[in-house]
$ cat start.cif   # mmCIF, N, CA and C atoms and all ligand atoms
data_final
loop_
_atom_site.label_atom_id
_atom_site.label_comp_id
_atom_site.auth_asym_id
_atom_site.auth_seq_id
_atom_site.Cartn_x
_atom_site.Cartn_y
_atom_site.Cartn_z
N MET A 1 -19.58 -36.87 21.22
CA MET A 1 -18.96 -35.73 20.50
C MET A 1 -18.19 -34.85 21.50
N PHE A 2 -17.02 -34.43 21.09
CA PHE A 2 -16.20 -33.53 21.92
C PHE A 2 -16.02 -32.22 21.17
N GLU A 3 -15.94 -31.14 21.94
CA GLU A 3 -15.66 -29.84 21.33
C GLU A 3 -14.58 -29.15 22.16
N LEU A 4 -13.58 -28.64 21.48
CA LEU A 4 -12.51 -27.88 22.14
C LEU A 4 -12.63 -26.43 21.75
N LYS A 5 -12.21 -25.55 22.66
CA LYS A 5 -12.24 -24.11 22.36
C LYS A 5 -10.88 -23.47 22.66
N ILE A 6 -10.43 -22.67 21.73
CA ILE A 6 -9.17 -21.92 21.86
C ILE A 6 -9.50 -20.44 21.80
N LEU A 7 -8.88 -19.64 22.66
CA LEU A 7 -9.06 -18.19 22.61
C LEU A 7 -7.79 -17.56 22.05
N SER A 8 -7.96 -16.57 21.21
CA SER A 8 -6.80 -15.88 20.67
C SER A 8 -7.18 -14.42 20.39
N HIS A 9 -6.30 -13.71 19.75
CA HIS A 9 -6.58 -12.29 19.51
C HIS A 9 -5.65 -11.74 18.44
N PHE A 10 -6.08 -10.63 17.84
CA PHE A 10 -5.20 -9.88 16.95
C PHE A 10 -5.69 -8.44 16.91
N SER A 11 -4.81 -7.56 16.55
CA SER A 11 -5.14 -6.14 16.42
C SER A 11 -4.92 -5.73 14.97
N ALA A 12 -5.90 -5.03 14.41
CA ALA A 12 -5.75 -4.66 13.00
C ALA A 12 -6.62 -3.44 12.68
N ALA A 13 -6.36 -2.88 11.51
CA ALA A 13 -7.12 -1.73 11.03
C ALA A 13 -8.01 -2.16 9.87
N HIS A 14 -9.15 -1.47 9.72
CA HIS A 14 -9.99 -1.74 8.55
C HIS A 14 -10.89 -0.54 8.27
N GLN A 15 -11.54 -0.62 7.13
CA GLN A 15 -12.58 0.33 6.74
C GLN A 15 -13.73 -0.51 6.19
N LEU A 16 -14.95 -0.15 6.55
CA LEU A 16 -16.12 -0.87 6.02
C LEU A 16 -17.05 0.13 5.38
N THR A 17 -17.44 -0.14 4.14
CA THR A 17 -18.44 0.72 3.51
C THR A 17 -19.79 0.00 3.63
N MET A 18 -20.83 0.72 3.40
CA MET A 18 -22.19 0.17 3.43
C MET A 18 -22.61 -0.31 4.82
N VAL A 19 -21.88 0.07 5.86
CA VAL A 19 -22.33 -0.24 7.22
C VAL A 19 -22.57 1.12 7.86
N ALA A 20 -22.28 1.31 9.13
CA ALA A 20 -22.44 2.63 9.73
C ALA A 20 -21.44 3.59 9.08
N LYS A 21 -21.88 4.82 8.86
CA LYS A 21 -21.06 5.81 8.15
C LYS A 21 -19.67 5.94 8.78
N LYS A 22 -19.62 5.93 10.12
CA LYS A 22 -18.33 6.15 10.79
C LYS A 22 -17.33 5.03 10.47
N CYS A 23 -17.85 3.84 10.08
CA CYS A 23 -16.96 2.70 9.79
C CYS A 23 -16.21 2.87 8.48
N GLU A 24 -16.63 3.87 7.67
CA GLU A 24 -15.89 4.13 6.44
C GLU A 24 -14.54 4.76 6.74
N ASN A 25 -14.42 5.38 7.90
CA ASN A 25 -13.14 5.97 8.29
C ASN A 25 -12.19 4.86 8.74
N LEU A 26 -10.92 5.06 8.41
CA LEU A 26 -9.92 4.09 8.85
C LEU A 26 -9.92 4.02 10.38
N HIS A 27 -10.06 2.82 10.91
CA HIS A 27 -10.05 2.65 12.36
C HIS A 27 -9.61 1.21 12.66
N GLY A 28 -9.42 0.92 13.93
CA GLY A 28 -8.94 -0.41 14.27
C GLY A 28 -9.69 -1.03 15.43
N HIS A 29 -9.45 -2.32 15.61
CA HIS A 29 -10.03 -3.05 16.73
C HIS A 29 -8.99 -4.00 17.30
N ASN A 30 -9.17 -4.34 18.57
CA ASN A 30 -8.45 -5.46 19.16
C ASN A 30 -9.42 -6.63 19.17
N TRP A 31 -9.36 -7.44 18.10
CA TRP A 31 -10.31 -8.55 18.00
C TRP A 31 -9.94 -9.66 18.97
N LYS A 32 -10.94 -10.16 19.68
CA LYS A 32 -10.78 -11.40 20.45
C LYS A 32 -11.42 -12.51 19.63
N VAL A 33 -10.78 -13.64 19.57
CA VAL A 33 -11.24 -14.72 18.68
C VAL A 33 -11.42 -16.00 19.49
N GLU A 34 -12.59 -16.61 19.30
CA GLU A 34 -12.85 -17.93 19.90
C GLU A 34 -12.98 -18.93 18.76
N VAL A 35 -12.23 -19.99 18.86
CA VAL A 35 -12.26 -21.02 17.81
C VAL A 35 -12.65 -22.35 18.45
N CYS A 36 -13.65 -23.02 17.89
CA CYS A 36 -14.04 -24.35 18.38
C CYS A 36 -13.84 -25.39 17.29
N VAL A 37 -13.34 -26.55 17.70
CA VAL A 37 -13.28 -27.70 16.80
C VAL A 37 -14.01 -28.85 17.47
N LYS A 38 -14.58 -29.73 16.64
CA LYS A 38 -15.30 -30.86 17.23
C LYS A 38 -14.92 -32.15 16.51
N GLY A 39 -15.19 -33.24 17.21
CA GLY A 39 -14.93 -34.56 16.63
C GLY A 39 -15.41 -35.62 17.60
N GLU A 40 -15.55 -36.82 17.10
CA GLU A 40 -16.13 -37.89 17.92
C GLU A 40 -15.11 -38.79 18.59
N ARG A 41 -13.92 -38.88 17.98
CA ARG A 41 -12.98 -39.89 18.47
C ARG A 41 -11.74 -39.25 19.09
N LEU A 42 -11.38 -39.75 20.25
CA LEU A 42 -10.13 -39.32 20.89
C LEU A 42 -8.99 -40.19 20.35
N ASN A 43 -7.80 -39.61 20.30
CA ASN A 43 -6.65 -40.39 19.85
C ASN A 43 -6.10 -41.25 21.00
N ASP A 44 -5.01 -41.92 20.74
CA ASP A 44 -4.46 -42.84 21.74
C ASP A 44 -4.01 -42.11 23.01
N ALA A 45 -3.76 -40.79 22.87
CA ALA A 45 -3.36 -40.01 24.04
C ALA A 45 -4.57 -39.53 24.84
N GLY A 46 -5.77 -39.85 24.33
CA GLY A 46 -6.99 -39.46 25.06
C GLY A 46 -7.43 -38.04 24.80
N VAL A 47 -6.97 -37.45 23.69
CA VAL A 47 -7.39 -36.08 23.35
C VAL A 47 -7.92 -36.04 21.92
N LEU A 48 -8.73 -35.03 21.65
CA LEU A 48 -9.25 -34.85 20.29
C LEU A 48 -8.12 -34.33 19.40
N VAL A 49 -7.54 -33.21 19.83
CA VAL A 49 -6.33 -32.64 19.23
C VAL A 49 -5.57 -32.01 20.39
N ASP A 50 -4.29 -32.09 20.38
CA ASP A 50 -3.47 -31.42 21.40
C ASP A 50 -3.76 -29.91 21.36
N PHE A 51 -4.14 -29.32 22.52
CA PHE A 51 -4.39 -27.88 22.56
C PHE A 51 -3.20 -27.10 21.98
N GLY A 52 -2.00 -27.58 22.26
CA GLY A 52 -0.80 -26.87 21.79
C GLY A 52 -0.73 -26.81 20.28
N ILE A 53 -1.11 -27.91 19.64
CA ILE A 53 -1.09 -27.94 18.17
C ILE A 53 -2.15 -26.99 17.63
N LEU A 54 -3.35 -27.07 18.25
CA LEU A 54 -4.44 -26.19 17.82
C LEU A 54 -4.05 -24.72 17.98
N LYS A 55 -3.44 -24.41 19.12
CA LYS A 55 -3.01 -23.02 19.36
C LYS A 55 -1.97 -22.58 18.33
N SER A 56 -1.08 -23.48 17.95
CA SER A 56 -0.06 -23.08 16.98
C SER A 56 -0.69 -22.81 15.61
N TYR A 57 -1.71 -23.60 15.22
CA TYR A 57 -2.40 -23.34 13.95
C TYR A 57 -3.09 -21.97 14.01
N VAL A 58 -3.80 -21.73 15.12
CA VAL A 58 -4.55 -20.47 15.22
C VAL A 58 -3.58 -19.28 15.26
N LYS A 59 -2.46 -19.46 15.96
CA LYS A 59 -1.47 -18.38 16.04
C LYS A 59 -0.95 -18.02 14.65
N GLU A 60 -0.74 -19.04 13.83
CA GLU A 60 -0.24 -18.79 12.47
C GLU A 60 -1.24 -17.92 11.69
N ILE A 61 -2.52 -18.18 11.88
CA ILE A 61 -3.53 -17.37 11.19
C ILE A 61 -3.59 -15.96 11.78
N MET A 62 -3.50 -15.86 13.13
CA MET A 62 -3.52 -14.54 13.76
C MET A 62 -2.34 -13.69 13.28
N ASP A 63 -1.20 -14.34 13.08
CA ASP A 63 0.00 -13.60 12.63
C ASP A 63 -0.20 -13.00 11.24
N ARG A 64 -1.05 -13.64 10.42
CA ARG A 64 -1.32 -13.08 9.08
C ARG A 64 -2.19 -11.84 9.16
N LEU A 65 -2.96 -11.70 10.26
CA LEU A 65 -3.91 -10.59 10.40
C LEU A 65 -3.38 -9.47 11.31
N ASP A 66 -2.52 -9.85 12.25
CA ASP A 66 -2.12 -8.92 13.31
C ASP A 66 -1.33 -7.72 12.77
N HIS A 67 -1.74 -6.54 13.23
CA HIS A 67 -1.09 -5.28 12.84
C HIS A 67 -1.07 -5.06 11.33
N ARG A 68 -2.14 -5.51 10.68
CA ARG A 68 -2.26 -5.30 9.24
C ARG A 68 -3.44 -4.38 8.95
N PHE A 69 -3.41 -3.77 7.75
CA PHE A 69 -4.58 -3.06 7.22
C PHE A 69 -5.37 -4.10 6.42
N LEU A 70 -6.45 -4.56 6.99
CA LEU A 70 -7.12 -5.76 6.47
C LEU A 70 -7.65 -5.57 5.05
N ASN A 71 -8.04 -4.35 4.71
CA ASN A 71 -8.57 -4.11 3.35
C ASN A 71 -7.52 -4.36 2.27
N GLU A 72 -6.26 -4.34 2.64
CA GLU A 72 -5.20 -4.53 1.65
C GLU A 72 -4.54 -5.89 1.73
N LEU A 73 -5.08 -6.79 2.52
CA LEU A 73 -4.51 -8.13 2.59
C LEU A 73 -4.87 -8.91 1.33
N PRO A 74 -3.89 -9.45 0.61
CA PRO A 74 -4.20 -10.22 -0.60
C PRO A 74 -5.19 -11.36 -0.34
N ASP A 75 -5.10 -11.98 0.83
CA ASP A 75 -6.00 -13.09 1.17
C ASP A 75 -7.46 -12.66 1.23
N LEU A 76 -7.69 -11.37 1.48
CA LEU A 76 -9.07 -10.87 1.63
C LEU A 76 -9.45 -9.95 0.48
N GLU A 77 -8.80 -10.13 -0.65
CA GLU A 77 -9.06 -9.24 -1.78
C GLU A 77 -10.54 -9.27 -2.16
N ASN A 78 -11.13 -8.10 -2.25
CA ASN A 78 -12.55 -7.96 -2.61
C ASN A 78 -13.53 -8.54 -1.58
N ILE A 79 -13.02 -8.85 -0.40
CA ILE A 79 -13.91 -9.33 0.67
C ILE A 79 -13.91 -8.27 1.77
N PRO A 80 -15.05 -7.65 2.06
CA PRO A 80 -15.07 -6.63 3.12
C PRO A 80 -14.65 -7.26 4.46
N PRO A 81 -13.67 -6.66 5.14
CA PRO A 81 -13.15 -7.27 6.36
C PRO A 81 -14.04 -7.01 7.58
N SER A 82 -15.27 -7.47 7.50
CA SER A 82 -16.19 -7.39 8.64
C SER A 82 -15.84 -8.50 9.62
N SER A 83 -16.40 -8.43 10.80
CA SER A 83 -16.17 -9.51 11.77
C SER A 83 -16.70 -10.83 11.24
N GLU A 84 -17.80 -10.79 10.49
CA GLU A 84 -18.36 -12.01 9.91
C GLU A 84 -17.36 -12.65 8.93
N ASN A 85 -16.84 -11.84 7.99
CA ASN A 85 -15.91 -12.39 7.01
C ASN A 85 -14.58 -12.82 7.63
N LEU A 86 -14.17 -12.14 8.69
CA LEU A 86 -12.94 -12.57 9.37
C LEU A 86 -13.15 -13.93 10.04
N ALA A 87 -14.35 -14.14 10.57
CA ALA A 87 -14.65 -15.45 11.17
C ALA A 87 -14.59 -16.55 10.10
N VAL A 88 -15.12 -16.26 8.92
CA VAL A 88 -15.07 -17.24 7.82
C VAL A 88 -13.61 -17.50 7.43
N TYR A 89 -12.86 -16.43 7.29
CA TYR A 89 -11.44 -16.56 6.90
C TYR A 89 -10.68 -17.45 7.90
N ILE A 90 -10.89 -17.19 9.17
CA ILE A 90 -10.19 -17.97 10.20
C ILE A 90 -10.63 -19.43 10.15
N ALA A 91 -11.95 -19.65 10.02
CA ALA A 91 -12.46 -21.03 9.99
C ALA A 91 -11.90 -21.80 8.79
N GLU A 92 -11.93 -21.19 7.63
CA GLU A 92 -11.49 -21.90 6.42
C GLU A 92 -9.99 -22.19 6.46
N ASN A 93 -9.22 -21.21 6.92
CA ASN A 93 -7.78 -21.42 6.98
C ASN A 93 -7.40 -22.45 8.03
N LEU A 94 -8.09 -22.43 9.15
CA LEU A 94 -7.80 -23.43 10.19
C LEU A 94 -8.17 -24.82 9.70
N GLN A 95 -9.32 -24.95 9.06
CA GLN A 95 -9.73 -26.28 8.58
C GLN A 95 -8.68 -26.86 7.63
N ALA A 96 -8.12 -25.98 6.79
CA ALA A 96 -7.11 -26.45 5.84
C ALA A 96 -5.84 -26.92 6.54
N MET A 97 -5.60 -26.44 7.75
CA MET A 97 -4.38 -26.83 8.47
C MET A 97 -4.57 -28.09 9.31
N ILE A 98 -5.80 -28.39 9.66
CA ILE A 98 -6.04 -29.52 10.56
C ILE A 98 -5.81 -30.84 9.84
N ASP A 99 -4.95 -31.63 10.45
CA ASP A 99 -4.49 -32.89 9.86
C ASP A 99 -5.21 -34.09 10.47
N GLU A 100 -5.77 -33.88 11.65
CA GLU A 100 -6.34 -34.97 12.42
C GLU A 100 -7.65 -35.45 11.80
N PRO A 101 -7.76 -36.72 11.46
CA PRO A 101 -8.98 -37.21 10.82
C PRO A 101 -10.21 -37.04 11.72
N GLY A 102 -11.31 -36.61 11.11
CA GLY A 102 -12.57 -36.50 11.86
C GLY A 102 -12.69 -35.25 12.71
N VAL A 103 -11.68 -34.38 12.68
CA VAL A 103 -11.74 -33.14 13.46
C VAL A 103 -12.10 -31.99 12.54
N VAL A 104 -13.17 -31.29 12.87
CA VAL A 104 -13.61 -30.18 12.01
C VAL A 104 -13.81 -28.91 12.83
N VAL A 105 -13.65 -27.78 12.18
CA VAL A 105 -13.94 -26.49 12.83
C VAL A 105 -15.46 -26.40 12.97
N SER A 106 -15.94 -26.15 14.18
CA SER A 106 -17.39 -26.11 14.41
C SER A 106 -17.91 -24.69 14.59
N LYS A 107 -17.06 -23.78 15.01
CA LYS A 107 -17.55 -22.43 15.32
C LYS A 107 -16.37 -21.47 15.44
N VAL A 108 -16.50 -20.28 14.87
CA VAL A 108 -15.51 -19.23 15.09
C VAL A 108 -16.26 -17.95 15.45
N THR A 109 -15.88 -17.35 16.56
CA THR A 109 -16.49 -16.09 16.99
C THR A 109 -15.43 -15.01 17.03
N THR A 110 -15.72 -13.89 16.41
CA THR A 110 -14.79 -12.76 16.39
C THR A 110 -15.44 -11.59 17.14
N TRP A 111 -14.84 -11.23 18.26
CA TRP A 111 -15.33 -10.11 19.07
C TRP A 111 -14.56 -8.86 18.64
N GLU A 112 -15.24 -7.87 18.08
CA GLU A 112 -14.50 -6.66 17.69
C GLU A 112 -14.54 -5.60 18.78
N SER A 113 -15.42 -5.79 19.76
CA SER A 113 -15.44 -4.92 20.95
C SER A 113 -16.00 -5.77 22.08
N ASP A 114 -16.11 -5.18 23.27
CA ASP A 114 -16.59 -5.97 24.41
C ASP A 114 -18.05 -6.36 24.27
N ASP A 115 -18.78 -5.65 23.38
CA ASP A 115 -20.23 -5.91 23.30
C ASP A 115 -20.71 -6.26 21.89
N ALA A 116 -19.78 -6.62 20.99
CA ALA A 116 -20.22 -6.96 19.63
C ALA A 116 -19.33 -8.06 19.05
N CYS A 117 -19.99 -9.11 18.59
CA CYS A 117 -19.23 -10.22 17.97
C CYS A 117 -20.04 -10.84 16.85
N ALA A 118 -19.34 -11.58 15.99
CA ALA A 118 -19.99 -12.35 14.94
C ALA A 118 -19.54 -13.81 15.10
N THR A 119 -20.47 -14.73 14.85
CA THR A 119 -20.13 -16.15 14.94
C THR A 119 -20.44 -16.83 13.62
N TYR A 120 -19.48 -17.62 13.16
CA TYR A 120 -19.65 -18.41 11.92
C TYR A 120 -19.65 -19.89 12.29
N PHE A 121 -20.68 -20.58 11.81
CA PHE A 121 -20.79 -22.04 11.98
C PHE A 121 -20.55 -22.67 10.61
N PRO A 122 -19.36 -23.19 10.35
CA PRO A 122 -19.07 -23.74 9.01
C PRO A 122 -20.02 -24.91 8.66
N1 LIG B 201 -22.62 -6.96 11.48
C1 LIG B 201 -21.58 -6.12 11.57
N2 LIG B 201 -21.80 -4.84 11.82
C2 LIG B 201 -20.77 -4.00 11.95
C3 LIG B 201 -19.46 -4.48 11.80
C4 LIG B 201 -19.24 -5.84 11.51
O1 LIG B 201 -18.11 -6.32 11.37
N3 LIG B 201 -20.32 -6.63 11.41
N4 LIG B 201 -18.44 -3.63 11.97
C5 LIG B 201 -18.60 -2.37 12.26
C6 LIG B 201 -17.38 -1.52 12.43
O2 LIG B 201 -16.25 -2.34 12.52
C7 LIG B 201 -17.36 -0.50 13.56
O3 LIG B 201 -16.01 -0.17 13.82
C8 LIG B 201 -17.96 -0.89 14.83
O4 LIG B 201 -19.13 -0.21 14.90
P1 LIG B 201 -20.02 -0.01 16.18
O5 LIG B 201 -20.07 -1.23 17.01
O6 LIG B 201 -21.28 0.53 15.69
O7 LIG B 201 -19.23 1.14 16.90
P2 LIG B 201 -18.54 1.24 18.30
O8 LIG B 201 -17.55 0.13 18.48
O9 LIG B 201 -18.00 2.61 18.39
O10 LIG B 201 -19.71 1.01 19.32
P3 LIG B 201 -20.75 2.04 19.90
O11 LIG B 201 -21.77 1.12 20.52
O12 LIG B 201 -21.30 2.83 18.76
O13 LIG B 201 -20.01 2.87 20.89
C9 LIG B 201 -19.95 -1.79 12.36
N5 LIG B 201 -20.98 -2.71 12.23
ZN ZN B 202 -14.53 -1.56 12.65
#
$ encode --input "start.cif" --output "structure tokens"
Amino acid sequence: MFELKILSHFSAAHQLTMVAKKCENLHGHNWKVEVCVKGERLNDAGVLVDFGILKSYVKEIMDRLDHRFLNELPDLENIPPSSENLAVYIAENLQAMIDEPGVVVSKVTTWESDDACATYFP
């Protein structure tokens, strides 16, 4: 089994209710994102997926989130934009883009600060 990891980032604003009171106020984060994909078979070029292709998929997803007010994104309608839900969103959207047979998203971690992150294992 092989696992690849891509690092990326986006900056966005959000509000969260039912968490810490201060999170109800409009505020933002510079999210750091770690994305892992796994698979058993290498292609004829000796790679699971070209890092460049993987980065381009992840960049496309980051562009949908970057400099947005996440609570108003149609893609996240009625979904609280917590770090957990953002990890799910990134994982599901990336999986839908991956064309390579046998390659699956294995883990997405969203760091909303230097000391707090959420990880989703699809
Ligand atoms: N499980 C989660 N808990 C919280 C999330 C989340 O996405 N998942 N998000 C928040 C808020 O986004 C909030 O902005 C961050 O809160 P918090 O870490 O408590 O605040 P600070 O970054 O200011 O850190 P301090 O340690 O308080 O300085 C809250 N919880
Ligand atoms: Zn926040």
$ residues_near_ligand --input "start.cif" --ligand "ligand LIG 201 (chain B)" --cutoff "7 Å" --atoms "only N, CA and C atoms and all ligand atoms" --output "ChimeraX atom specification"
/A:16,19-20,22-23,27-28,81-85,112-113,116-118
$ closest_residue --input "start.cif" --among "A:Leu70, A:Val35, A:Ile79, A:Leu65" --to "Gln95 (chain A)" --atoms "only C-alpha atoms"
A:Val35
$ select_by_dssp --input "start.cif" --residues "chain A" --states "strand (DSSP E)" --output "PyMOL selection string"
chain A and resi 2-14+27-39+104-113+116-120
$ write_last_selection --input "start.cif" --atoms "N, CA and C atoms" --output "compact mmCIF listing (two decimals), in the frame of the given file"
# COMPACT_ATOMS: atom_id res chain seq x y z
N PHE A 2 -17.02 -34.43 21.09
CA PHE A 2 -16.20 -33.53 21.92
C PHE A 2 -16.02 -32.22 21.17
N GLU A 3 -15.94 -31.14 21.94
CA GLU A 3 -15.66 -29.84 21.33
C GLU A 3 -14.58 -29.15 22.16
N LEU A 4 -13.58 -28.64 21.48
CA LEU A 4 -12.51 -27.88 22.14
C LEU A 4 -12.63 -26.43 21.75
N LYS A 5 -12.21 -25.55 22.66
CA LYS A 5 -12.24 -24.11 22.36
C LYS A 5 -10.88 -23.47 22.66
N ILE A 6 -10.43 -22.67 21.73
CA ILE A 6 -9.17 -21.92 21.86
C ILE A 6 -9.50 -20.44 21.80
N LEU A 7 -8.88 -19.64 22.66
CA LEU A 7 -9.06 -18.19 22.61
C LEU A 7 -7.79 -17.56 22.05
N SER A 8 -7.96 -16.57 21.21
CA SER A 8 -6.80 -15.88 20.67
C SER A 8 -7.18 -14.42 20.39
N HIS A 9 -6.30 -13.71 19.75
CA HIS A 9 -6.58 -12.29 19.51
C HIS A 9 -5.65 -11.74 18.44
N PHE A 10 -6.08 -10.63 17.84
CA PHE A 10 -5.20 -9.88 16.95
C PHE A 10 -5.69 -8.44 16.91
N SER A 11 -4.81 -7.56 16.55
CA SER A 11 -5.14 -6.14 16.42
C SER A 11 -4.92 -5.73 14.97
N ALA A 12 -5.90 -5.03 14.41
CA ALA A 12 -5.75 -4.66 13.00
C ALA A 12 -6.62 -3.44 12.68
N ALA A 13 -6.36 -2.88 11.51
CA ALA A 13 -7.12 -1.73 11.03
C ALA A 13 -8.01 -2.16 9.87
N HIS A 14 -9.15 -1.47 9.72
CA HIS A 14 -9.99 -1.74 8.55
C HIS A 14 -10.89 -0.54 8.27
N HIS A 27 -10.06 2.82 10.91
CA HIS A 27 -10.05 2.65 12.36
C HIS A 27 -9.61 1.21 12.66
N GLY A 28 -9.42 0.92 13.93
CA GLY A 28 -8.94 -0.41 14.27
C GLY A 28 -9.69 -1.03 15.43
N HIS A 29 -9.45 -2.32 15.61
CA HIS A 29 -10.03 -3.05 16.73
C HIS A 29 -8.99 -4.00 17.30
N ASN A 30 -9.17 -4.34 18.57
CA ASN A 30 -8.45 -5.46 19.16
C ASN A 30 -9.42 -6.63 19.17
N TRP A 31 -9.36 -7.44 18.10
CA TRP A 31 -10.31 -8.55 18.00
C TRP A 31 -9.94 -9.66 18.97
N LYS A 32 -10.94 -10.16 19.68
CA LYS A 32 -10.78 -11.40 20.45
C LYS A 32 -11.42 -12.51 19.63
N VAL A 33 -10.78 -13.64 19.57
CA VAL A 33 -11.24 -14.72 18.68
C VAL A 33 -11.42 -16.00 19.49
N GLU A 34 -12.59 -16.61 19.30
CA GLU A 34 -12.85 -17.93 19.90
C GLU A 34 -12.98 -18.93 18.76
N VAL A 35 -12.23 -19.99 18.86
CA VAL A 35 -12.26 -21.02 17.81
C VAL A 35 -12.65 -22.35 18.45
N CYS A 36 -13.65 -23.02 17.89
CA CYS A 36 -14.04 -24.35 18.38
C CYS A 36 -13.84 -25.39 17.29
N VAL A 37 -13.34 -26.55 17.70
CA VAL A 37 -13.28 -27.70 16.80
C VAL A 37 -14.01 -28.85 17.47
N LYS A 38 -14.58 -29.73 16.64
CA LYS A 38 -15.30 -30.86 17.23
C LYS A 38 -14.92 -32.15 16.51
N GLY A 39 -15.19 -33.24 17.21
CA GLY A 39 -14.93 -34.56 16.63
C GLY A 39 -15.41 -35.62 17.60
N VAL A 104 -13.17 -31.29 12.87
CA VAL A 104 -13.61 -30.18 12.01
C VAL A 104 -13.81 -28.91 12.83
N VAL A 105 -13.65 -27.78 12.18
CA VAL A 105 -13.94 -26.49 12.83
C VAL A 105 -15.46 -26.40 12.97
N SER A 106 -15.94 -26.15 14.18
CA SER A 106 -17.39 -26.11 14.41
C SER A 106 -17.91 -24.69 14.59
N LYS A 107 -17.06 -23.78 15.01
CA LYS A 107 -17.55 -22.43 15.32
C LYS A 107 -16.37 -21.47 15.44
N VAL A 108 -16.50 -20.28 14.87
CA VAL A 108 -15.51 -19.23 15.09
C VAL A 108 -16.26 -17.95 15.45
N THR A 109 -15.88 -17.35 16.56
CA THR A 109 -16.49 -16.09 16.99
C THR A 109 -15.43 -15.01 17.03
N THR A 110 -15.72 -13.89 16.41
CA THR A 110 -14.79 -12.76 16.39
C THR A 110 -15.44 -11.59 17.14
N TRP A 111 -14.84 -11.23 18.26
CA TRP A 111 -15.33 -10.11 19.07
C TRP A 111 -14.56 -8.86 18.64
N GLU A 112 -15.24 -7.87 18.08
CA GLU A 112 -14.50 -6.66 17.69
C GLU A 112 -14.54 -5.60 18.78
N SER A 113 -15.42 -5.79 19.76
CA SER A 113 -15.44 -4.92 20.95
C SER A 113 -16.00 -5.77 22.08
N ALA A 116 -19.78 -6.62 20.99
CA ALA A 116 -20.22 -6.96 19.63
C ALA A 116 -19.33 -8.06 19.05
N CYS A 117 -19.99 -9.11 18.59
CA CYS A 117 -19.23 -10.22 17.97
C CYS A 117 -20.04 -10.84 16.85
N ALA A 118 -19.34 -11.58 15.99
CA ALA A 118 -19.99 -12.35 14.94
C ALA A 118 -19.54 -13.81 15.10
N THR A 119 -20.47 -14.73 14.85
CA THR A 119 -20.13 -16.15 14.94
C THR A 119 -20.44 -16.83 13.62
N TYR A 120 -19.48 -17.62 13.16
CA TYR A 120 -19.65 -18.41 11.92
C TYR A 120 -19.65 -19.89 12.29
$ atom_distance --input "start.cif" --atom1 "CA of Gly39 (chain A)" --atom2 "CA of Thr110 (chain A)"
21.8 Å
$ atom_distance --input "start.cif" --atom1 "atom N of Lys38 (chain A)" --atom2 "CA of Ser106 (chain A)"
5.1 Å
$ closest_residue --input "start.cif" --among "A:Leu86, A:Leu4, A:Val33, A:Ala96" --to "ligand ZN 202 (chain B)" --atoms "only C-alpha atoms and all ligand atoms"
A:Leu86
$ atom_distance --input "start.cif" --atom1 "atom N of Pro74 (chain A)" --atom2 "atom N of Ala87 (chain A)"
15.2 Å
$ select_by_dssp --input "start.cif" --residues "region 1-117 of chain A" --states "alpha helix (DSSP H)" --output "PyMOL selection string"
chain A and resi 51-65+83-97
$ residues_around --input "start.cif" --residues "Thr109 (chain A)" --least-positions-apart "2" --cutoff "5 Å" --atoms "only N, CA and C atoms" --output "list in words"
Val33, Glu34, Lys107, Trp111, Ala118, Thr119 and Tyr120 of chain A
$ closest_residue --input "start.cif" --among "A:Met18, A:Ala13, A:Val37, A:Leu94" --to "ligand ZN 202 (chain B)" --atoms "only C-alpha atoms and all ligand atoms"
A:Ala13
$ axis_aligned_box --input "start.cif" --around "region 47-60 of chain A" --padding-each-side "8 Å" --output "lines of an AutoDock Vina configuration file"
center_x = -4.7
center_y = -27.7
center_z = 17.7
size_x = 25.2
size_y = 35.5
size_z = 28.0
